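Chemist: Next up is a structure, given as structure tokens.
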Amino acid sequence: MSQKQDVFIRRRIEALAGLLALGLIVLAVRAVDLQWMQAEKLTDLAEKQRYRQYTALAPRGSITDSKGRRLAESVEIPSLAAIADEVPENRIKVLAKALGVSQKKLQRKLNKRTGFVWLARQVTPAKADAVMALNIPGIRKEMEWRRYHPLGPETGHLLGFVGVDGQGLEGVERTWNKRLTGEAGIRQVRRDARGHSLPGGIWLRDPVPGQSIQLTLDSTIQSIAYAALADGVAKQQAIGGSVVVMRPKDGAILAMVSWPGYNPNNFRHYKPGEWRNRAITDVFEPGSTLKPFTIAAALASGRWQADTKVFCENGAMRVADYIIHDDHKEGWLDVTGILVKSSNIGVAKLALDIGADPLYDMLSKAGFGHRSHTGLSGESPGIILPSRRWGPVETANIAFGQGVAVTPLQLATAFSVLANGGLFIPPYLFMDQKQSATSAFVRVMPEQISNQVMSMLEYATSTDGTGSKAVPTGYRIAGKTGTAQKPNPKGGYSRGKYNAVFAGVAPADDPQLVIVVVVDEPKKSHYGGQVAAPIFRHIAESTLPYLGISTHMEDDTAWRTMPVAHQAPVLQAKNLYGMSMREVRGFAAQRGLRLHVHGSGWVTRQTPLNSISLKQGDELEVWLND
Amino acid sequence: MRSWLRPWLILPLMLGLFSATQVWLSYLRYDLSLETQALSAEKQTALKEISKLRIEIASLTRPERLRQLARTKLDMAPPNPMQVIHQ
């Protein structure tokens, strides 16, 4: 090999080594750039690719009644959304049809913004599936929690409702929103190249599920009260009403209903005024239902006894420049008679004699003029002026329930004092409050006085009293009717507009329930004894047996004459196909037919075919089949 | 047989075995992870189904509905209080 060739080869080797060195230097620079200069950014990118965070929604806590029956529960249901600028113009018509909205409306919604937009929130799974099946670009299904109240209008006013964003907006749902609402958790997981999660995920924030709440409510009693109130309001063509049922021994609220009802599952279809819980928000003049407390104050003063006679001025009495009237003219009545006959003049005289302070103390200690602290929002404290502002006219008026305003819940709490032997126990709605409620009792009046007033109230529901229609057969009831003119917003009282009230204790000999019924503006009659007392009876006669409180019957002939249950549809039937054995037997028994039955289940064949023409003693043969 | 077994081969063999075990374990973990995810999803579905069923039970057994069914389908009427006896 010549020297020239050697040099050429060396040069080539050197050039190659130089290129390799250059390449190595470039690689080293790039490595420094990637590993050092861009390390942070690239690590972030890699982690974003490798790790995924997702939000685990925490469901809202459920609400149950005292027996654990569900009153409110959340379920996950789909909502439909879109990335507005990704939805093709030519698919909008089809999408609008599937969503059940006009094309114009949908177009407007999509044109409003370019990014995420809700199309329909909380729709049925079938509808969501139908829309997703169209496979329209930009359309997505999101899952959201929706609140359901299975009892609907029956618990509507009390429980309130929850908005689409999961926030309680009314009632218990609003008051206890913080406790019921869960806190969403964030979980981070590593993913493989196919997007599957790898083990070892961590919670960046633990989800906190909403806590459940148990109420003292009994859904059966709630339903009974709602049905009775609805029936009573309809019969009297009233504009509304409310009922509170309490257990006096511990202050538990067993039912609280208002009419007209609204469905909390569909609350937007009702006016906001219809959402209010009348039993705690609406105040009314209690009228004669306040008289037991005036009488209790008079007896507690020691100046009056149950048999002390009072002259009731034959129906009219002047107090300062104001004349007090009685509905029925009365002469001499004892204190019991004043309550039984509901004499305004009688109680006014008692109140004027003892003075404003003892009466105010009695009313205040019984819970009037204070919020009950059940935790429900929107509760009114009622209106009761301080006694220093009471002149003789105010004292006389307040004695028979005018010039003060109370809520149905306050009235029920006050009657619980009479039922509890003079002890005030604050009402409570949440099971958790039980201990604090029962330990916070206050003596309002001596037990002997409350027992005396209870006896008088029992007379008030006798056949001579105003509340006789409140008494279910077999039970002793202590109660008082009330009829109060509604105040006119412009001053004075409205003509022909009344609140009919009945407040009572059942049974009087062993108080288990206090029930207050208020009916707003009844049209057929405005007397508490005619309007509210029958509703009270309806509730008491269904609730007491349900609670296991037996009747005490001296004359037991009544149950022997029990009316036969409704059977009209059977009698009108032309043929018996599809009837049960029980129905067929009822049909045959009523018509005096000789019945031959084959099989069990439902009637599939009969002889003769026409049942209507059969006369007493005729033969009827039926074949039943499961 | 002993002709090819050399002491220096033990290290690569151990390393190979360890690597194979690691690969097998990673596959096992991956499968378990998939299974856990599936079970977790199944659990969530079951919980949601329970919620729905609770609502359904509450709706079907609501007193107003039972009252109506008793009246219309079974021709029943509310008992008088003295017809109810508690032992």
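Following the order of the structure tokens, chains are lettered A, B, ..., residues in each are numbered from 1, and ligands are numbered from 1.
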When DSSP works through the backbone of this structure, what residues of range 362-474 of chain A end up as strand (DSSP E), shown as a ChimeraX atom specification?

Modeler: /A:423-424,442-443

Chemist: Env of Ala72 in chain A: 8 Å cut, atoms = only C-alpha atoms, seq-sep filter 2 positions within chain, self excluded. Answer as a PyMOL selection string.

Modeler: chain A and resi 62-64+70+74+147-150

Chemist: Find the residues around Val531 in chain A up to 8 Å (only C-alpha atoms counted), leave out those fewer than 3 positions away in its own chain, and share them as a list in words.

Modeler: Gly232, Gln236, Ala500, Val501, Val519, Pro522, Ser525, His526, Tyr527, Gly528, Pro534 and Ile535 of chain A

Chemist: Could you give me, as a list in words, the residues within 6 Å of Phe502 in chain A, counting only C-alpha atoms and dropping anything in the same chain fewer than 5 positions from it?

Modeler: Lys480, Thr481, Gly482, Val516, Val517, Gly528, Ala532 and Ala533 of chain A

Chemist: Based on the selection just made, write C-alpha atoms of those residues as a CSV table (one decimal), in the first residue's frame.

Modeler:
chain,number,residue,atom,x,y,z
A,480,LYS,CA,-110.9,22.7,72.3
A,481,THR,CA,-112.4,24.3,69.2
A,482,GLY,CA,-111.4,27.7,67.9
A,516,VAL,CA,-103.9,20.4,66.0
A,517,VAL,CA,-106.0,21.0,62.9
A,528,GLY,CA,-113.9,24.9,64.5
A,532,ALA,CA,-111.7,21.1,62.1
A,533,ALA,CA,-113.1,18.7,64.8

Chemist: For chain A, work out the contacting residues on chain B at 6 Å, counting only C-alpha atoms, and write them as an MDAnalysis selection string.

Modeler: chainID B and resid 33 58:59 63 75:77 81:82 86

Chemist: For Asp218 in chain A, list every protein, DNA or RNA residue within 7 Å, evaluated using only C-alpha atoms, and leave out those in the same chain fewer than 4 positions away; present the list as a list in words.

Modeler: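 In the requested format, the answer is Asp65, Ser66, Lys67, Gln222, Leu254 and Ala255 of chain A.
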
Chemist: May I have the selected residues written with N, CA and C atoms, as a compact mmCIF listing (two decimals), in the first residue's frame?

Modeler:
# COMPACT_ATOMS: atom_id res chain seq x y z
N ASP A 65 -88.04 7.70 58.08
CA ASP A 65 -88.96 8.03 59.16
C ASP A 65 -88.55 7.24 60.42
N SER A 66 -89.36 7.31 61.46
CA SER A 66 -88.96 6.70 62.73
C SER A 66 -88.87 5.18 62.62
N LYS A 67 -89.51 4.60 61.58
CA LYS A 67 -89.46 3.14 61.44
C LYS A 67 -88.50 2.71 60.33
N GLN A 222 -98.42 10.32 58.95
CA GLN A 222 -98.32 11.46 58.02
C GLN A 222 -99.34 11.30 56.89
N LEU A 254 -94.89 13.54 65.02
CA LEU A 254 -95.22 12.32 64.28
C LEU A 254 -95.74 12.61 62.88
N ALA A 255 -96.35 13.77 62.72
CA ALA A 255 -96.85 14.16 61.40
C ALA A 255 -96.94 15.67 61.33

Chemist: Using DSSP on the backbone, list every residue of range 208-375 of chain A that comes out as helix (DSSP H, G or I), and give them as number ranges by chain.

Modeler: A: 219-236, 264-269, 272-275, 278-281, 287-300, 313-315, 335-341, 344-354, 356-365

Chemist: Applying 10 Å and only C-alpha atoms, which residues near range 105-113 of chain A remain after dropping the ones on its own chain fewer than 3 positions away? List them as a ChimeraX atom specification.

Modeler: /A:82-87,89,92-93,95-97,99-102,116-119

Chemist: Name all residues at most 6 Å from range 605-607 of chain A (count only C-alpha atoms; drop same-chain ones fewer than 6 positions away) and give them as a ChimeraX atom specification.

Modeler: /A:621-623

Chemist: Can I get the selection written as an mmCIF file, in the first residue's frame, with all heavy atoms?

Modeler:
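Contents of the output file part_15.cif:
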data_model
loop_
_atom_site.group_PDB
_atom_site.id
_atom_site.type_symbol
_atom_site.label_atom_id
_atom_site.label_comp_id
_atom_site.auth_asym_id
_atom_site.auth_seq_id
_atom_site.Cartn_x
_atom_site.Cartn_y
_atom_site.Cartn_z
ATOM 1 N N GLU A 621 -122.256 -21.985 38.904
ATOM 2 C CA GLU A 621 -121.080 -22.843 38.938
ATOM 3 C C GLU A 621 -119.912 -22.117 38.269
ATOM 4 O O GLU A 621 -120.068 -21.576 37.160
ATOM 5 C CB GLU A 621 -121.391 -24.152 38.202
ATOM 6 C CG GLU A 621 -120.372 -25.232 38.500
ATOM 7 C CD GLU A 621 -120.863 -26.611 38.014
ATOM 8 O OE1 GLU A 621 -121.898 -26.660 37.321
ATOM 9 O OE2 GLU A 621 -120.210 -27.610 38.329
ATOM 10 N N VAL A 622 -118.780 -22.076 38.953
ATOM 11 C CA VAL A 622 -117.621 -21.376 38.388
ATOM 12 C C VAL A 622 -116.387 -22.254 38.445
ATOM 13 O O VAL A 622 -116.239 -23.070 39.349
ATOM 14 C CB VAL A 622 -117.335 -20.038 39.120
ATOM 15 C CG1 VAL A 622 -118.401 -19.016 38.861
ATOM 16 C CG2 VAL A 622 -117.125 -20.248 40.608
ATOM 17 N N TRP A 623 -115.518 -22.053 37.442
ATOM 18 C CA TRP A 623 -114.224 -22.759 37.396
ATOM 19 C C TRP A 623 -113.118 -21.716 37.505
ATOM 20 O O TRP A 623 -113.113 -20.733 36.749
ATOM 21 C CB TRP A 623 -114.084 -23.534 36.080
ATOM 22 C CG TRP A 623 -114.927 -24.757 36.033
ATOM 23 C CD1 TRP A 623 -114.533 -26.022 36.311
ATOM 24 C CD2 TRP A 623 -116.320 -24.833 35.674
ATOM 25 N NE1 TRP A 623 -115.583 -26.901 36.164
ATOM 26 C CE2 TRP A 623 -116.702 -26.196 35.768
ATOM 27 C CE3 TRP A 623 -117.289 -23.911 35.300
ATOM 28 C CZ2 TRP A 623 -117.982 -26.649 35.503
ATOM 29 C CZ3 TRP A 623 -118.574 -24.345 35.038
ATOM 30 C CH2 TRP A 623 -118.916 -25.711 35.147
#

Chemist: Mind pulling up the distance from CA of Val94 in chain A to CA of Ala130 in chain A?

Modeler: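 Answer for the CA of Ala130 in chain A to CA of Val94 in chain A separation: 11.2 Å.
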
Chemist: Have a look at CA of Phe415 in chain A and CA of Arg389 in chain A and let me know their distance in Å, one decimal.

Modeler: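 If I compute the distance from CA of Phe415 in chain A to CA of Arg389 in chain A, I get 25.7 Å.
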
Chemist: If you measure from CA of Met579 in chain A to CA of Leu624 in chain A, what distance in Å do you get, rounded to one decimal?

Modeler: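 We find that CA of Met579 in chain A and CA of Leu624 in chain A lie 8.8 Å from each other.
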